[in-house]
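S.K.: Below is input34.csv; it holds CSV, C-alpha atoms.
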```
chain,number,residue,atom,x,y,z
A,1,MET,CA,245.4,53.9,133.3
A,2,LEU,CA,246.2,50.2,132.4
A,3,THR,CA,245.0,48.6,129.2
A,4,VAL,CA,245.3,44.8,128.6
A,5,HIS,CA,244.5,43.7,125.1
A,6,ASN,CA,244.3,40.4,123.2
A,7,ALA,CA,242.9,38.6,126.3
A,8,ALA,CA,240.8,35.5,126.5
A,9,LEU,CA,238.0,35.5,129.0
A,10,ARG,CA,236.1,32.6,130.6
A,11,GLY,CA,232.8,32.0,129.0
A,12,ARG,CA,233.2,34.8,126.4
A,13,PRO,CA,234.4,33.8,122.9
A,14,GLY,CA,236.9,36.0,121.0
A,15,ARG,CA,239.5,38.3,122.3
A,16,TRP,CA,238.9,41.2,124.7
A,17,THR,CA,240.4,44.5,125.9
A,18,LEU,CA,240.3,45.4,129.6
A,19,THR,CA,241.0,48.9,130.9
A,20,ALA,CA,241.5,49.9,134.5
A,21,GLU,CA,241.8,53.3,136.1
A,22,ARG,CA,242.1,54.4,139.8
A,23,GLY,CA,242.1,50.7,140.9
A,24,ARG,CA,238.8,49.8,139.1
A,25,LEU,CA,237.9,48.0,135.9
A,26,THR,CA,236.4,50.7,133.7
A,27,SER,CA,235.7,48.7,130.6
A,28,ILE,CA,235.7,45.2,129.1
A,29,THR,CA,235.2,45.4,125.3
A,30,PRO,CA,235.8,43.2,122.2
A,31,ASP,CA,239.4,43.6,121.1
A,32,SER,CA,239.9,46.1,118.4
A,33,GLY,CA,243.3,44.9,117.3
A,34,ALA,CA,245.0,48.0,118.8
A,35,ALA,CA,248.5,47.2,120.1
A,36,SER,CA,248.7,49.7,123.0
A,37,GLY,CA,249.1,48.6,126.6
A,38,LEU,CA,249.8,45.1,127.9
A,39,ASP,CA,249.5,42.3,125.4
A,40,ALA,CA,247.9,39.2,126.9
A,41,GLU,CA,249.0,37.3,123.8
A,42,GLY,CA,245.7,35.4,123.7
A,43,ASN,CA,246.1,34.0,127.2
A,44,LEU,CA,243.3,33.7,129.7
A,45,VAL,CA,242.6,36.5,132.1
A,46,THR,CA,240.7,35.7,135.3
A,47,GLU,CA,240.1,36.7,138.8
A,48,PRO,CA,243.2,36.3,141.1
A,49,PHE,CA,243.7,33.3,143.4
A,50,VAL,CA,242.5,32.9,146.9
A,51,ASP,CA,243.9,30.5,149.4
A,52,ALA,CA,241.3,29.6,152.0
A,53,HIS,CA,243.7,27.5,154.2
A,54,LEU,CA,247.4,28.0,154.8
A,55,HIS,CA,249.4,27.3,158.0
A,56,LEU,CA,251.6,30.3,157.3
A,57,CYS,CA,253.3,30.3,160.7
A,58,LYS,CA,254.7,26.8,159.9
A,59,VAL,CA,256.0,27.1,156.4
A,60,HIS,CA,259.5,25.8,155.7
A,61,THR,CA,259.8,24.0,159.1
A,62,LEU,CA,260.0,20.4,157.8
A,63,ASP,CA,263.7,20.0,158.5
A,64,LEU,CA,263.1,21.2,162.1
A,65,ALA,CA,260.2,18.7,162.6
A,66,GLY,CA,261.8,15.6,161.2
A,67,GLY,CA,260.0,12.8,159.3
A,68,GLY,CA,258.0,11.3,162.1
A,69,PRO,CA,255.0,13.6,162.1
A,70,LEU,CA,254.8,13.5,158.2
A,71,ALA,CA,254.8,9.7,158.3
A,72,ALA,CA,252.0,9.7,160.9
A,73,TYR,CA,249.9,12.2,159.1
A,74,THR,CA,250.1,10.5,155.6
A,75,ASN,CA,249.5,6.9,156.6
A,76,GLY,CA,246.8,5.0,154.8
A,77,THR,CA,244.0,5.6,157.3
A,78,MET,CA,245.2,8.8,158.9
A,79,GLY,CA,244.7,6.9,162.2
A,80,ALA,CA,247.8,8.6,163.7
A,81,ALA,CA,246.9,12.1,162.7
A,82,MET,CA,246.7,13.2,166.4
A,83,ASP,CA,250.3,11.8,166.9
A,84,ALA,CA,251.4,13.9,164.0
A,85,ILE,CA,250.1,17.1,165.6
A,86,ASP,CA,251.7,16.2,168.9
A,87,GLY,CA,255.0,15.5,167.2
A,88,ALA,CA,254.9,18.7,165.2
A,89,ALA,CA,254.4,20.7,168.3
A,90,ALA,CA,258.1,20.2,169.2
A,91,VAL,CA,259.0,22.7,166.5
A,92,LYS,CA,257.4,25.5,168.5
A,93,ALA,CA,259.8,25.1,171.4
A,94,GLY,CA,261.9,28.3,171.4
A,95,GLN,CA,260.0,29.7,168.4
A,96,THR,CA,260.7,33.4,167.8
A,97,GLU,CA,258.7,36.0,166.1
A,98,GLU,CA,261.7,36.8,163.9
A,99,ALA,CA,262.1,33.2,162.7
A,100,VAL,CA,258.4,33.0,161.8
A,101,THR,CA,258.6,36.3,160.0
A,102,VAL,CA,261.5,35.3,157.8
A,103,ARG,CA,259.9,32.0,156.7
A,104,ALA,CA,256.4,33.4,156.2
A,105,ARG,CA,257.7,36.4,154.3
A,106,ALA,CA,259.3,34.1,151.8
A,107,ALA,CA,255.9,32.3,151.3
A,108,LEU,CA,254.1,35.6,150.8
A,109,VAL,CA,256.6,36.7,148.1
A,110,GLU,CA,255.7,33.5,146.4
A,111,SER,CA,252.0,34.5,146.9
A,112,VAL,CA,252.7,37.7,144.9
A,113,ARG,CA,254.5,35.7,142.2
A,114,HIS,CA,251.7,33.2,141.8
A,115,GLY,CA,248.8,35.7,141.9
A,116,VAL,CA,247.4,34.8,145.3
A,117,ARG,CA,245.4,37.9,146.2
A,118,ALA,CA,244.1,36.7,149.6
A,119,VAL,CA,245.0,34.0,152.1
A,120,GLN,CA,243.4,32.8,155.3
A,121,ALA,CA,246.5,32.3,157.3
A,122,PHE,CA,246.6,30.2,160.4
A,123,ALA,CA,248.9,31.1,163.3
A,124,ASP,CA,249.3,28.7,166.2
A,125,VAL,CA,248.4,30.0,169.6
A,126,ASP,CA,249.3,27.9,172.6
A,127,PRO,CA,251.5,27.9,175.7
A,128,ALA,CA,254.5,26.8,173.7
A,129,ALA,CA,254.2,29.2,170.8
A,130,GLY,CA,252.6,32.0,172.8
A,131,LEU,CA,251.7,34.8,170.4
A,132,THR,CA,254.9,34.7,168.4
A,133,GLY,CA,253.2,33.4,165.3
A,134,VAL,CA,250.2,35.9,165.5
A,135,ARG,CA,252.5,38.9,166.0
A,136,ALA,CA,254.7,37.9,163.1
A,137,LEU,CA,251.7,37.4,160.7
A,138,LEU,CA,250.0,40.6,161.8
A,139,ALA,CA,253.2,42.5,161.0
A,140,LEU,CA,253.4,40.8,157.6
A,141,LYS,CA,249.7,41.5,157.0
A,142,GLU,CA,250.7,45.2,157.1
A,143,GLU,CA,253.8,44.7,155.1
A,144,PHE,CA,252.0,43.0,152.3
A,145,ARG,CA,248.6,44.8,152.6
A,146,GLU,CA,248.9,46.4,149.2
A,147,PHE,CA,249.5,43.1,147.4
A,148,VAL,CA,248.0,40.2,149.5
A,149,ASP,CA,245.0,40.3,151.8
A,150,VAL,CA,246.3,38.3,154.8
A,151,ARG,CA,243.6,37.2,157.1
A,152,VAL,CA,245.2,36.0,160.3
A,153,VAL,CA,243.5,33.1,162.2
A,154,ALA,CA,244.2,32.7,165.9
A,155,PHE,CA,244.5,28.9,165.9
A,156,PRO,CA,244.6,26.8,169.1
A,157,GLN,CA,246.5,24.0,167.3
A,158,ASP,CA,247.1,21.8,170.3
A,159,GLY,CA,243.5,22.0,171.7
A,160,LEU,CA,241.7,24.4,174.0
A,161,LEU,CA,240.8,22.3,177.0
A,162,LYS,CA,243.6,19.9,176.3
A,163,ALA,CA,246.2,22.8,176.6
A,164,PRO,CA,245.2,25.0,179.6
A,165,GLY,CA,246.0,28.7,179.1
A,166,THR,CA,245.3,28.6,175.3
A,167,GLU,CA,241.8,30.1,175.5
A,168,GLU,CA,243.2,33.3,177.2
A,169,LEU,CA,245.9,33.5,174.5
A,170,VAL,CA,243.3,33.2,171.7
A,171,GLU,CA,241.4,36.1,173.3
A,172,GLU,CA,244.6,38.1,173.5
A,173,ALA,CA,245.4,37.4,169.9
A,174,VAL,CA,242.0,38.7,168.8
A,175,ALA,CA,242.5,41.8,170.9
A,176,LEU,CA,245.8,42.3,169.1
A,177,GLY,CA,244.0,42.2,165.7
A,178,ALA,CA,243.6,38.6,164.6
A,179,ASP,CA,240.9,38.6,161.9
A,180,VAL,CA,239.5,35.1,162.5
A,181,VAL,CA,238.9,32.9,165.5
A,182,GLY,CA,240.2,29.4,164.9
A,183,GLY,CA,239.6,26.0,166.4
A,184,ILE,CA,240.5,22.3,166.1
A,185,PRO,CA,237.9,20.6,168.3
A,186,TRP,CA,238.4,17.0,167.1
A,187,ILE,CA,241.7,16.6,169.0
A,188,GLU,CA,240.2,17.1,172.4
A,189,PHE,CA,240.1,14.0,174.5
A,190,THR,CA,236.3,13.7,174.8
A,191,ASP,CA,233.3,14.5,172.7
A,192,ALA,CA,232.1,16.8,175.5
A,193,ALA,CA,235.3,18.7,175.4
A,194,ALA,CA,235.2,18.9,171.6
A,195,ALA,CA,231.7,20.4,171.8
A,196,GLU,CA,232.8,22.9,174.5
A,197,HIS,CA,235.8,23.9,172.4
A,198,VAL,CA,233.4,24.8,169.5
A,199,ARG,CA,231.0,26.6,171.8
A,200,ARG,CA,233.7,28.8,173.3
A,201,MET,CA,235.3,29.7,170.1
A,202,VAL,CA,232.1,30.5,168.3
A,203,ALA,CA,230.9,32.6,171.2
A,204,LEU,CA,234.2,34.5,171.2
A,205,ALA,CA,233.8,35.2,167.5
A,206,ARG,CA,230.3,36.4,167.9
A,207,ARG,CA,231.3,38.6,170.9
A,208,THR,CA,234.2,40.2,168.9
A,209,GLY,CA,232.6,40.4,165.5
A,210,ARG,CA,235.0,37.9,163.9
A,211,ARG,CA,234.6,35.0,161.5
A,212,VAL,CA,235.4,31.4,162.5
A,213,ALA,CA,237.7,28.9,160.8
A,214,MET,CA,238.0,25.4,162.3
A,215,LEU,CA,239.9,22.3,161.4
A,216,VAL,CA,237.3,19.5,161.9
A,217,ASP,CA,237.3,15.7,161.8
A,218,ASP,CA,240.8,15.4,160.2
A,219,ALA,CA,241.3,11.7,160.7
A,220,GLY,CA,240.1,8.4,159.4
A,221,ASP,CA,237.4,8.0,162.1
A,222,PRO,CA,233.8,8.0,161.0
A,223,GLY,CA,232.8,8.6,164.6
A,224,LEU,CA,234.1,12.1,164.5
A,225,ARG,CA,231.3,14.6,164.4
A,226,THR,CA,232.7,18.1,165.0
A,227,THR,CA,231.6,19.4,161.6
A,228,GLU,CA,228.0,18.8,162.8
A,229,THR,CA,228.8,20.5,166.1
A,230,LEU,CA,230.3,23.5,164.4
A,231,ALA,CA,227.3,23.9,162.1
A,232,ALA,CA,224.8,23.6,164.9
A,233,GLU,CA,226.7,26.1,167.1
A,234,LEU,CA,226.7,28.6,164.2
A,235,LEU,CA,223.0,28.4,164.0
A,236,ALA,CA,222.6,28.6,167.8
A,237,HIS,CA,224.8,31.8,168.0
A,238,ASP,CA,223.2,33.5,165.0
A,239,MET,CA,226.5,33.1,163.1
A,240,ALA,CA,225.2,31.5,159.9
A,241,GLY,CA,227.4,32.3,156.9
A,242,ARG,CA,230.3,33.5,159.0
A,243,ALA,CA,232.5,30.4,159.1
A,244,SER,CA,234.6,27.9,157.2
A,245,ALA,CA,235.5,24.3,158.1
A,246,GLN,CA,238.8,22.9,157.0
A,247,HIS,CA,239.6,19.3,156.0
A,248,ALA,CA,236.6,17.3,157.4
A,249,ARG,CA,238.3,14.2,156.0
A,250,ALA,CA,236.1,11.9,158.1
A,251,MET,CA,233.2,12.8,155.8
A,252,ALA,CA,234.8,10.4,153.3
A,253,LEU,CA,233.8,7.5,155.6
A,254,TYR,CA,230.3,8.6,156.7
A,255,PRO,CA,227.3,6.5,155.8
A,256,GLU,CA,225.2,8.1,153.1
A,257,PRO,CA,222.1,8.8,155.2
A,258,TYR,CA,224.2,10.7,157.8
A,259,LEU,CA,226.1,12.5,155.1
A,260,ARG,CA,222.9,13.7,153.5
A,261,ARG,CA,221.6,15.0,156.9
A,262,LEU,CA,224.9,16.7,157.6
A,263,THR,CA,224.9,18.3,154.1
A,264,GLY,CA,221.5,19.8,154.9
A,265,LEU,CA,222.7,21.2,158.2
A,266,ILE,CA,225.9,22.6,156.6
A,267,THR,CA,223.7,24.4,154.0
A,268,ARG,CA,221.4,25.9,156.6
A,269,ALA,CA,224.4,27.1,158.6
A,270,GLY,CA,226.0,28.7,155.5
A,271,LEU,CA,229.2,26.9,156.3
A,272,GLY,CA,231.9,26.9,153.6
A,273,LEU,CA,234.3,23.9,153.4
A,274,VAL,CA,237.9,23.7,152.5
A,275,SER,CA,239.6,20.6,151.2
A,276,ASP,CA,243.3,20.0,150.7
A,277,PRO,CA,243.3,16.6,149.0
A,278,HIS,CA,247.0,16.6,148.1
A,279,THR,CA,248.1,16.7,151.8
A,280,GLY,CA,246.5,13.4,153.0
A,281,PRO,CA,245.1,10.1,151.8
A,282,LEU,CA,241.5,11.0,152.7
A,283,HIS,CA,239.4,14.0,151.6
A,284,LEU,CA,235.9,15.2,151.9
A,285,PRO,CA,233.4,14.4,149.1
A,286,VAL,CA,234.2,17.6,147.2
A,287,PHE,CA,232.0,17.3,144.1
A,288,PRO,CA,228.9,15.8,145.8
A,289,LEU,CA,229.0,18.7,148.2
A,290,THR,CA,229.4,21.2,145.4
A,291,ASP,CA,226.5,19.7,143.6
A,292,ALA,CA,224.4,20.1,146.7
A,293,GLY,CA,225.1,23.8,146.7
A,294,VAL,CA,227.8,23.8,149.5
A,295,PRO,CA,230.7,26.2,148.7
A,296,VAL,CA,233.9,24.2,148.7
A,297,ALA,CA,237.4,25.7,148.3
A,298,LEU,CA,240.8,24.1,147.8
A,299,GLY,CA,243.7,25.3,149.9
A,300,GLN,CA,247.5,25.0,150.0
A,301,ASP,CA,247.3,23.9,153.6
A,302,ASP,CA,251.1,23.4,154.1
A,303,ILE,CA,254.4,24.4,152.6
A,304,GLU,CA,257.4,22.2,153.5
A,305,ASP,CA,256.3,21.5,157.0
A,306,ALA,CA,255.6,18.6,159.3
A,307,TYR,CA,252.4,17.6,157.3
A,308,TYR,CA,253.4,18.2,153.6
A,309,PRO,CA,256.9,18.2,152.2
A,310,PHE,CA,256.2,20.3,149.0
A,311,GLY,CA,254.4,23.5,148.1
A,312,ARG,CA,255.1,26.8,146.4
A,313,HIS,CA,251.9,28.7,147.3
A,314,ASN,CA,250.8,28.1,143.7
A,315,LEU,CA,247.1,27.5,143.7
A,316,LEU,CA,247.2,26.3,140.1
A,317,GLU,CA,249.4,23.5,141.3
A,318,VAL,CA,247.0,22.8,144.1
A,319,ALA,CA,244.1,22.5,141.6
A,320,PHE,CA,246.3,20.4,139.2
A,321,LEU,CA,247.0,17.9,142.0
A,322,ALA,CA,243.3,17.9,143.0
A,323,ALA,CA,242.3,17.0,139.5
A,324,HIS,CA,244.4,13.8,139.8
A,325,VAL,CA,242.8,12.9,143.2
A,326,LEU,CA,239.2,14.0,142.5
A,327,GLY,CA,239.0,13.5,138.8
A,328,PRO,CA,239.9,15.6,135.7
A,329,ASN,CA,236.4,16.1,134.3
A,330,ARG,CA,235.5,19.3,136.2
A,331,LEU,CA,238.4,21.6,135.7
A,332,ASP,CA,236.2,24.7,135.7
A,333,ASP,CA,234.8,23.8,139.1
A,334,LEU,CA,238.3,23.2,140.5
A,335,TYR,CA,239.5,26.5,139.1
A,336,ASP,CA,236.5,28.2,140.9
A,337,MET,CA,237.6,26.5,144.1
A,338,VAL,CA,240.9,28.4,144.1
A,339,THR,CA,239.4,31.7,142.9
A,340,THR,CA,235.8,32.9,143.2
A,341,THR,CA,234.4,30.2,145.4
A,342,ALA,CA,237.5,30.3,147.7
A,343,ALA,CA,236.8,34.1,148.1
A,344,ARG,CA,233.2,33.3,149.1
A,345,VAL,CA,234.3,30.7,151.6
A,346,ILE,CA,236.5,33.1,153.5
A,347,GLY,CA,233.9,35.9,153.3
A,348,ARG,CA,235.8,38.0,150.8
A,349,GLU,CA,233.5,39.9,148.4
A,350,THR,CA,234.3,39.4,144.8
A,351,ASP,CA,232.5,41.0,141.8
A,352,GLY,CA,234.4,38.9,139.2
A,353,LEU,CA,235.7,40.6,136.1
A,354,THR,CA,233.0,43.2,135.6
A,355,GLU,CA,233.0,46.9,135.0
A,356,GLY,CA,233.4,48.8,138.3
A,357,ALA,CA,235.0,45.8,140.1
A,358,PRO,CA,238.4,46.1,141.7
A,359,ALA,CA,241.1,45.8,139.0
A,360,ASP,CA,242.6,42.6,140.4
A,361,PHE,CA,243.3,39.9,137.9
A,362,VAL,CA,245.9,37.5,136.5
A,363,VAL,CA,247.1,36.9,133.0
A,364,LEU,CA,247.7,33.1,132.9
A,365,ASP,CA,250.2,31.1,131.0
A,366,GLY,CA,247.6,29.3,128.9
A,367,THR,CA,244.6,30.1,126.7
A,368,THR,CA,242.3,27.8,128.5
A,369,ILE,CA,241.8,26.5,132.1
A,370,ARG,CA,243.1,23.1,131.0
A,371,GLU,CA,246.3,24.6,129.5
A,372,ALA,CA,246.9,26.8,132.5
A,373,LEU,CA,246.5,23.8,134.9
A,374,THR,CA,248.6,21.6,132.7
A,375,ARG,CA,251.5,24.1,132.9
A,376,HIS,CA,250.7,25.4,136.4
A,377,ASN,CA,253.3,28.1,135.8
A,378,PRO,CA,253.1,31.4,137.6
A,379,PRO,CA,250.8,33.9,135.8
A,380,ARG,CA,252.5,35.9,133.1
A,381,HIS,CA,251.2,39.0,134.8
A,382,VAL,CA,249.6,39.7,138.2
A,383,VAL,CA,247.6,42.9,138.4
A,384,VAL,CA,246.4,44.4,141.7
A,385,GLY,CA,244.5,47.7,141.9
A,386,GLY,CA,245.1,48.3,138.2
A,387,ARG,CA,248.9,48.0,138.5
A,388,VAL,CA,251.1,45.2,137.4
A,389,ILE,CA,252.9,43.9,140.5
A,390,ALA,CA,254.6,40.8,139.1
A,391,SER,CA,255.5,39.5,135.7
A,392,THR,CA,257.1,36.1,134.9
A,393,ASN,CA,258.8,34.9,131.7
A,394,SER,CA,260.3,31.6,131.0
A,395,LEU,CA,262.4,30.9,127.9
A,396,THR,CA,264.4,27.8,127.1
A,397,HIS,CA,267.2,27.9,124.5
A,398,PHE,CA,268.1,24.7,122.6
A,399,PRO,CA,271.8,24.9,121.4
A,400,ALA,CA,271.4,21.6,119.5
A,401,PHE,CA,268.7,23.3,117.4
A,402,PRO,CA,270.2,26.6,116.1
A,403,GLY,CA,267.7,29.4,116.2
A,404,LYS,CA,265.2,27.4,118.3
A,405,SER,CA,263.9,28.7,121.7
A,406,ALA,CA,260.6,28.3,123.5
```
Mind converting the file's structure to structure tokens?

M.R.:
Amino acid sequence: MLTVHNAALRGRPGRWTLTAERGRLTSITPDSGAASGLDAEGNLVTEPFVDAHLHLCKVHTLDLAGGGPLAAYTNGTMGAAMDAIDGAAAVKAGQTEEAVTVRARAALVESVRHGVRAVQAFADVDPAAGLTGVRALLALKEEFREFVDVRVVAFPQDGLLKAPGTEELVEEAVALGADVVGGIPWIEFTDAAAAEHVRRMVALARRTGRRVAMLVDDAGDPGLRTTETLAAELLAHDMAGRASAQHARAMALYPEPYLRRLTGLITRAGLGLVSDPHTGPLHLPVFPLTDAGVPVALGQDDIEDAYYPFGRHNLLEVAFLAAHVLGPNRLDDLYDMVTTTAARVIGRETDGLTEGAPADFVVLDGTTIREALTRHNPPRHVVVGGRVIASTNSLTHFPAFPGKSA
């Protein structure tokens, strides 16, 4: 049995004691002042973090890719985003399962440190990469199963019709055990090809009982419409509520009348959206969509690869950066976007911190959401299944001030 006392909880004044047994929360009661068990020291205890979008097969490949793709992807209008994708593809020449495994394992260790309980992990599938990324991530899914729920996305990064042979590889990846069917229709050469890309991947998902995760409209072009295409296909295939759309940056440029229509369609299709506003100069209208009832998550997206040069798989850091881009007045909403709402977007059930729910939670370094975001340190303790799986302490000594440490 695990007992955590002297804990702060969101929306509940005072201090609380949580007990867990056999992997479940058995009680949440006002703190009695007893000193047994794990002392949260007044810090906030919340649900763990969920990353709805990470290109796990690409982590730590920036030096291999060079600076060209990064410069193309982060320019002011994202007009060269397709060039960035083409340039980054060179990294996959000669890619091995072993190399992907080593890099991705390092990122998943950081997931444990930072309390990331689940991640929707994209693995490139194309004639250059073959199935090396999928095989590596499926093996890591098993290796980390006890700690991190890795949901592998078979992702046709270089297009479907644009890269002949890719569709068959995606089907093979699903047969191997990939959890989610991916897509990136906006990079096809024609609107008709983009629509066919969506149709084929949604049909595959329905046929195999998988969810869908697609990168849509990820450039500064208000003429891109693949978010609409995806939502319409979900409805046509009776797949409402079983998909997420990543990026959708072109929505930042849509005229308001069309944006309102699209929001209604997205809602009807039960489509969750994921934004990564720290990885590019454009981003979807996160708060207007949230206010309209659309579930929006934040994702890490990239870790030291051709599209983003930083990243620690720290979702507190992602929310901290998003607060600077989107505005600092809705910190609770941003926190939900990396915890409970993110779980909803990827189709992961979460009961929150309630009696009977899985005993998965984090003890943050901070007594409030604002303090935790300000510091964006790893959680002091990460608990999965009622067991502490990671603890982080940081102490600085000041020799110029005898007896002082913090």

S.K.: Separation of CA of Thr339 (chain A) and CA of Thr101 (chain A), in Å?

M.R.: 26.1 Å

S.K.: So which residues touch Val148 (chain A) within 7 Å, counting only C-alpha atoms, skipping near sequence neighbours fewer than 5 positions away, as a ChimeraX atom specification?

M.R.: /A:116-118

S.K.: May I have the residues from that selection written out with C-alpha atoms, as a PDB file, in the frame of the given file?

M.R.:
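Now in selection-v2.pdb:
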```pdb
ATOM      1  CA  VAL A 116     247.400  34.800 145.300  1.00  0.00           C
ATOM      2  CA  ARG A 117     245.400  37.900 146.200  1.00  0.00           C
ATOM      3  CA  ALA A 118     244.100  36.700 149.600  1.00  0.00           C
TER       4      ALA A 118
END
```

S.K.: Separation of CA of Asp179 (chain A) and CA of Ala193 (chain A), in Å?

M.R.: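 About the pair CA of Asp179 (chain A) and CA of Ala193 (chain A): they are 24.7 Å apart.
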
S.K.: Nearest to Ala121 (chain A): which of A:Asn393, A:Thr290, A:Gln300, A:Thr166 is it, counting only C-alpha atoms?

M.R.: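 The closest residue to Ala121 (chain A) is A:Gln300.
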
S.K.: Find the residues near Ala154 (chain A): any atom within 10 Å, counting all atoms listed in the file, skip ones fewer than 3 places away on the same chain, and give them as a ChimeraX atom specification.

M.R.: /A:121-126,131,133-134,151,157,169-174,177-183,212-213

S.K.: For Thr208 (chain A), list every protein, DNA or RNA residue within 9 Å, evaluated using all atoms listed in the file, and leave out those in the same chain fewer than 3 positions away; present the list as a list in words.

M.R.: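 Final neighbour list, sorted by chain and number: Val174, Ala175, Ala203, Leu204 and Ala205 of chain A.
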
S.K.: Please list as a PyMOL selection string every residue within 12 Å of region 26-29 of chain A, counting only C-alpha atoms and excluding residues in the same chain fewer than 4 positions away.

M.R.: chain A and resi 1-9+12-22+33+45+352-359+385-386

S.K.: Nearest residue to His60 (chain A) out of A:Ala232, A:Ala297, A:Ala106, A:Ala240, using all atoms listed in the file?

M.R.: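 So, comparing all the options, the nearest one is A:Ala106.
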
S.K.: Which of these, A:Gln120, A:Thr267, A:Thr229, A:Thr96, has the shortest distance to Leu298 (chain A) once you count only C-alpha atoms?

M.R.: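 For Leu298 (chain A), the nearest of the given residues is A:Gln120.
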
S.K.: So which one's closest to Val153 (chain A), A:Val388, A:Glu196, A:Arg105, A:Arg211? Using all atoms listed in the file, please.

M.R.: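 Using all atoms listed in the file, the shortest distance to Val153 (chain A) belongs to A:Arg211.
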
S.K.: List every residue of region 252-350 of chain A that has an atom at most 12 Å from any atom of region 374-381 of chain A, giving for each one its closest atom pair and the distance in Å to one decimal, counting all atoms listed in the file, sorted by chain and then by ascending residue number, as a Markdown table.

M.R.:
```
| residue | atom | partner | partner_atom | distance |
| --- | --- | --- | --- | --- |
| A:Arg312 | CA | A:Pro378 | CA | 10.1 |
| A:His313 | CA | A:Pro378 | CA | 10.1 |
| A:Asn314 | CA | A:Pro378 | CA | 7.3 |
| A:Leu315 | CA | A:His376 | CA | 8.4 |
| A:Leu316 | CA | A:His376 | CA | 5.2 |
| A:Glu317 | CA | A:His376 | CA | 5.4 |
| A:Val318 | CA | A:His376 | CA | 8.9 |
| A:Ala319 | CA | A:His376 | CA | 8.9 |
| A:Phe320 | CA | A:Thr374 | CA | 7.0 |
| A:Leu321 | CA | A:His376 | CA | 10.1 |
| A:Ala323 | CA | A:Thr374 | CA | 10.3 |
| A:His324 | CA | A:Thr374 | CA | 11.4 |
| A:Pro328 | CA | A:Thr374 | CA | 11.0 |
| A:Leu331 | CA | A:Thr374 | CA | 10.6 |
| A:Tyr335 | CA | A:His376 | CA | 11.6 |
```

S.K.: Could you tell me how far CA of Ala52 (chain A) sits from CA of Val384 (chain A), in Å to one decimal place?

M.R.: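 Answer for the CA of Val384 (chain A) to CA of Ala52 (chain A) separation: 18.7 Å.
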
S.K.: Taking N, CA and C atoms as the atom set, what does region 159-172 of chain A look like once completed, written as a PDB file, in the frame of the given file?

M.R.:
```
ATOM      1  N   GLY A 159     244.760  22.225 170.886  1.00  0.00           N
ATOM      2  CA  GLY A 159     243.500  22.000 171.700  1.00  0.00           C
ATOM      3  C   GLY A 159     243.281  23.241 172.565  1.00  0.00           C
ATOM      4  N   LEU A 160     242.089  23.278 173.120  1.00  0.00           N
ATOM      5  CA  LEU A 160     241.700  24.400 174.000  1.00  0.00           C
ATOM      6  C   LEU A 160     241.651  23.881 175.440  1.00  0.00           C
ATOM      7  N   LEU A 161     240.799  22.904 175.703  1.00  0.00           N
ATOM      8  CA  LEU A 161     240.800  22.300 177.000  1.00  0.00           C
ATOM      9  C   LEU A 161     241.980  21.426 177.272  1.00  0.00           C
ATOM     10  N   LYS A 162     242.469  20.844 176.201  1.00  0.00           N
ATOM     11  CA  LYS A 162     243.600  19.900 176.300  1.00  0.00           C
ATOM     12  C   LYS A 162     244.907  20.703 176.650  1.00  0.00           C
ATOM     13  N   ALA A 163     244.963  21.989 176.321  1.00  0.00           N
ATOM     14  CA  ALA A 163     246.200  22.800 176.600  1.00  0.00           C
ATOM     15  C   ALA A 163     245.740  24.024 177.414  1.00  0.00           C
ATOM     16  N   PRO A 164     245.669  23.887 178.729  1.00  0.00           N
ATOM     17  CA  PRO A 164     245.200  25.000 179.600  1.00  0.00           C
ATOM     18  C   PRO A 164     246.050  26.263 179.335  1.00  0.00           C
ATOM     19  N   GLY A 165     245.354  27.393 179.336  1.00  0.00           N
ATOM     20  CA  GLY A 165     246.000  28.700 179.100  1.00  0.00           C
ATOM     21  C   GLY A 165     245.835  29.129 177.643  1.00  0.00           C
ATOM     22  N   THR A 166     245.429  28.213 176.759  1.00  0.00           N
ATOM     23  CA  THR A 166     245.300  28.600 175.300  1.00  0.00           C
ATOM     24  C   THR A 166     244.140  29.510 175.091  1.00  0.00           C
ATOM     25  N   GLU A 167     243.018  29.286 175.771  1.00  0.00           N
ATOM     26  CA  GLU A 167     241.800  30.100 175.500  1.00  0.00           C
ATOM     27  C   GLU A 167     242.157  31.597 175.785  1.00  0.00           C
ATOM     28  N   GLU A 168     242.873  31.877 176.848  1.00  0.00           N
ATOM     29  CA  GLU A 168     243.200  33.300 177.200  1.00  0.00           C
ATOM     30  C   GLU A 168     244.156  33.841 176.092  1.00  0.00           C
ATOM     31  N   LEU A 169     245.043  33.005 175.541  1.00  0.00           N
ATOM     32  CA  LEU A 169     245.900  33.500 174.500  1.00  0.00           C
ATOM     33  C   LEU A 169     245.162  33.770 173.196  1.00  0.00           C
ATOM     34  N   VAL A 170     244.163  32.947 172.887  1.00  0.00           N
ATOM     35  CA  VAL A 170     243.300  33.200 171.700  1.00  0.00           C
ATOM     36  C   VAL A 170     242.612  34.559 171.877  1.00  0.00           C
ATOM     37  N   GLU A 171     242.073  34.787 173.057  1.00  0.00           N
ATOM     38  CA  GLU A 171     241.400  36.100 173.300  1.00  0.00           C
ATOM     39  C   GLU A 171     242.368  37.230 173.165  1.00  0.00           C
ATOM     40  N   GLU A 172     243.598  37.063 173.640  1.00  0.00           N
ATOM     41  CA  GLU A 172     244.600  38.100 173.500  1.00  0.00           C
ATOM     42  C   GLU A 172     244.970  38.333 172.044  1.00  0.00           C
TER      43      GLU A 172
END
```
